[in-house]
Amino acid sequence: MAMAAEEIIRLIKEGIPGAEVEIEDLAGDGDHYAATVISPVFAGKSKVQQHQMVYGALGGRMGGVLHALKLTTMAQRP
Amino acid sequence: MSEPQVFERIRDEIGKHDVLLFMKGTPVFPQCGFSAAVVDVLSELGVKFHGVNILVDPELREGIKHFSQWPTIPQLYVKGEFVGGCDIIREMFETGELEQLLKDKGVALADAA
């Protein structure tokens with residue numbers, strides 16, 4: 001039950017074209033990641049909606065093969 | 001397509017409790033680090049909340065993910081509104097947004113000692 005970081009980045013970028021994605025393997029086990037996703041499409045959306053868009057891009061893997069993804073979303077770099 | 005019967009139960013729970021946390025384990029004994037983190041935040045703010053242990057209820061465990069369109073547990077509801085999961089709650093706590101939201105919704109917070 002693990003996923004490669006490259007695969008996560010690919011899926012998010014596919015689902016949210018133009019998004020900047022940074023990922024960190026927190027535990028070095030391919031199962032606990034932290035991802036930061038930056039995209040102007042998040043502007044004006046609630047945090048819940050922003051995260052739902054990323055989960056949507058991951059197509060049902062979140063909570064399944066992907067156990068732990070600490071997610072930070074923003075419309076632009078602070 | 002009719003909605004799953006479990007949605008009725010979820011609405012009922014959400015309606016009964018101003019602050020409701022769907023979680024793994026119980027507030028006293030969380031069985032997942034993410035659930036424990038949200039319990040910590042709520043305790044820190046002095047919020048009375050009701051915990052629903054989805055580990056003992058497979059129907060609810062699946063149902064809540066569809067109901068909220070949110071794939072993971074924990075999930076926090078305040079006065080019927082889905083506020084977020086662990087990352088959002090922690091972020092909102094750190095920025096003070098969570099305390100503001102609770103106050104705006106008229107949820108009682110214990111005075112910080």
# chains A, B, ... in the order shown; residues from 1 in each chain; ligands from 1
$ interface_residues --of "chain B" --to "chain A" --cutoff "9 Å" --atoms "only C-alpha atoms" --output "list in words"
Gln69, Trp70, Pro71, Thr72, Ile73, Phe82, Val83, Gly84, Gly85, Cys86, Asp87, Ile88 and Glu91 of chain B
$ write_last_selection --atoms "C-alpha atoms" --output "mmCIF file, in the first residue's frame"
data_model
loop_
_atom_site.group_PDB
_atom_site.id
_atom_site.type_symbol
_atom_site.label_atom_id
_atom_site.label_comp_id
_atom_site.auth_asym_id
_atom_site.auth_seq_id
_atom_site.Cartn_x
_atom_site.Cartn_y
_atom_site.Cartn_z
ATOM 1 C CA GLN B 69 -17.211 14.017 -0.540
ATOM 2 C CA TRP B 70 -14.098 13.696 1.534
ATOM 3 C CA PRO B 71 -11.933 10.569 1.374
ATOM 4 C CA THR B 72 -10.367 10.551 4.801
ATOM 5 C CA ILE B 73 -11.140 10.538 8.506
ATOM 6 C CA PHE B 82 -18.315 20.425 7.094
ATOM 7 C CA VAL B 83 -15.228 22.395 8.145
ATOM 8 C CA GLY B 84 -12.476 20.031 7.078
ATOM 9 C CA GLY B 85 -10.107 17.206 7.883
ATOM 10 C CA CYS B 86 -6.919 17.169 9.902
ATOM 11 C CA ASP B 87 -4.758 19.422 7.690
ATOM 12 C CA ILE B 88 -7.404 22.131 7.331
ATOM 13 C CA GLU B 91 -4.032 25.176 9.569
#
$ select_by_dssp --residues "chain A" --states "strand (DSSP E)" --output "number ranges by chain"
A: 20-25, 32-38, 68-74
$ residues_around --residues "Lys103 (chain B)" --least-positions-apart "6" --cutoff "12 Å" --atoms "only C-alpha atoms" --output "list of chain:residue names"
B:Leu45, B:Gly46, B:Val47, B:Val78, B:Lys79, B:Gly96, B:Glu97, B:Leu109, B:Ala110
$ residues_around --residues "Val52 (chain B)" --least-positions-apart "2" --cutoff "9 Å" --atoms "only C-alpha atoms" --output "MDAnalysis selection string"
chainID B and resid 13 20:27 50 54:55
$ select_by_dssp --residues "region 11-77 of chain B" --states "alpha helix (DSSP H)" --output "PyMOL selection string"
chain B and resi 11-16+33-45+58-68
$ atom_distance --atom1 "CA of Met74 (chain A)" --atom2 "CA of Val19 (chain B)"
26.6 Å
$ closest_residue --among "B:Asp18, B:Val38, B:Ser2, B:Leu102" --to "Gln75 (chain B)" --atoms "only C-alpha atoms"
B:Val38
$ atom_distance --atom1 "CA of Glu59 (chain B)" --atom2 "CA of Val28 (chain B)"
22.7 Å
$ closest_residue --among "A:Leu26, A:Ile38, A:Ala57, A:Leu66" --to "Ile12 (chain A)" --atoms "only C-alpha atoms"
A:Ala57
$ residues_around --residues "Ala19 (chain A)" --least-positions-apart "6" --cutoff "12 Å" --atoms "only C-alpha atoms" --output "PDB file with C-alpha atoms, in the first residue's frame"
ATOM      1  CA  ILE A   9       2.677  14.601  -8.856  1.00  0.00           C
ATOM      2  CA  ARG A  10       1.664  13.298 -12.283  1.00  0.00           C
ATOM      3  CA  LEU A  11      -1.947  12.678 -11.231  1.00  0.00           C
ATOM      4  CA  ILE A  12      -2.343  16.065  -9.572  1.00  0.00           C
ATOM      5  CA  LYS A  13      -0.871  17.882 -12.582  1.00  0.00           C
ATOM      6  CA  ALA A  35       2.204  17.883  -0.758  1.00  0.00           C
ATOM      7  CA  THR A  36       1.911  21.561  -1.539  1.00  0.00           C
ATOM      8  CA  VAL A  37      -0.224  22.398  -4.543  1.00  0.00           C
ATOM      9  CA  ILE A  38      -0.259  25.892  -5.968  1.00  0.00           C
ATOM     10  CA  SER A  39      -2.722  26.854  -8.678  1.00  0.00           C
ATOM     11  CA  PRO A  40      -4.699  29.963  -9.576  1.00  0.00           C
ATOM     12  CA  VAL A  41      -7.820  27.773  -9.960  1.00  0.00           C
ATOM     13  CA  PHE A  42      -7.984  27.692  -6.139  1.00  0.00           C
ATOM     14  CA  MET A  53     -10.103  19.229  -6.190  1.00  0.00           C
ATOM     15  CA  VAL A  54      -6.769  17.612  -5.337  1.00  0.00           C
ATOM     16  CA  ALA A  57      -7.338  14.534  -9.274  1.00  0.00           C
ATOM     17  CA  THR A  73      -3.150  24.253  -1.110  1.00  0.00           C
ATOM     18  CA  MET A  74      -2.810  27.865  -2.178  1.00  0.00           C
ATOM     19  CA  ALA A  75      -3.748  30.024  -5.138  1.00  0.00           C
ATOM     20  CA  GLN A  76      -0.340  31.661  -5.295  1.00  0.00           C
ATOM     21  CA  ARG A  77       2.946  31.649  -3.483  1.00  0.00           C
TER      22      ARG A  77
END
$ residues_around --residues "Ala37 (chain B)" --least-positions-apart "3" --cutoff "10 Å" --atoms "only C-alpha atoms" --output "JSON, numbers by chain"
{"B": [30, 32, 33, 34, 40, 41, 42, 43, 74, 86, 87, 89, 90]}
$ atom_distance --atom1 "CA of Phe49 (chain B)" --atom2 "CA of Ile64 (chain B)"
17.7 Å
$ residues_around --residues "His66 (chain B)" --least-positions-apart "4" --cutoff "10 Å" --atoms "only C-alpha atoms" --output "VMD selection string"
chain B and resid 3 to 4 7 60 to 62 70 to 71
$ write_last_selection --atoms "C-alpha atoms" --output "PDB file, in the first residue's frame"
ATOM      1  CA  GLU B   3     -29.162   8.207  -1.652  1.00  0.00           C
ATOM      2  CA  PRO B   4     -27.730   5.693   0.781  1.00  0.00           C
ATOM      3  CA  PHE B   7     -27.034   9.612   4.978  1.00  0.00           C
ATOM      4  CA  LEU B  60     -20.866   4.925   8.694  1.00  0.00           C
ATOM      5  CA  ARG B  61     -17.162   4.727   7.845  1.00  0.00           C
ATOM      6  CA  GLU B  62     -17.958   4.352   4.129  1.00  0.00           C
ATOM      7  CA  TRP B  70     -14.098  13.696   1.534  1.00  0.00           C
ATOM      8  CA  PRO B  71     -11.933  10.569   1.374  1.00  0.00           C
TER       9      PRO B  71
END
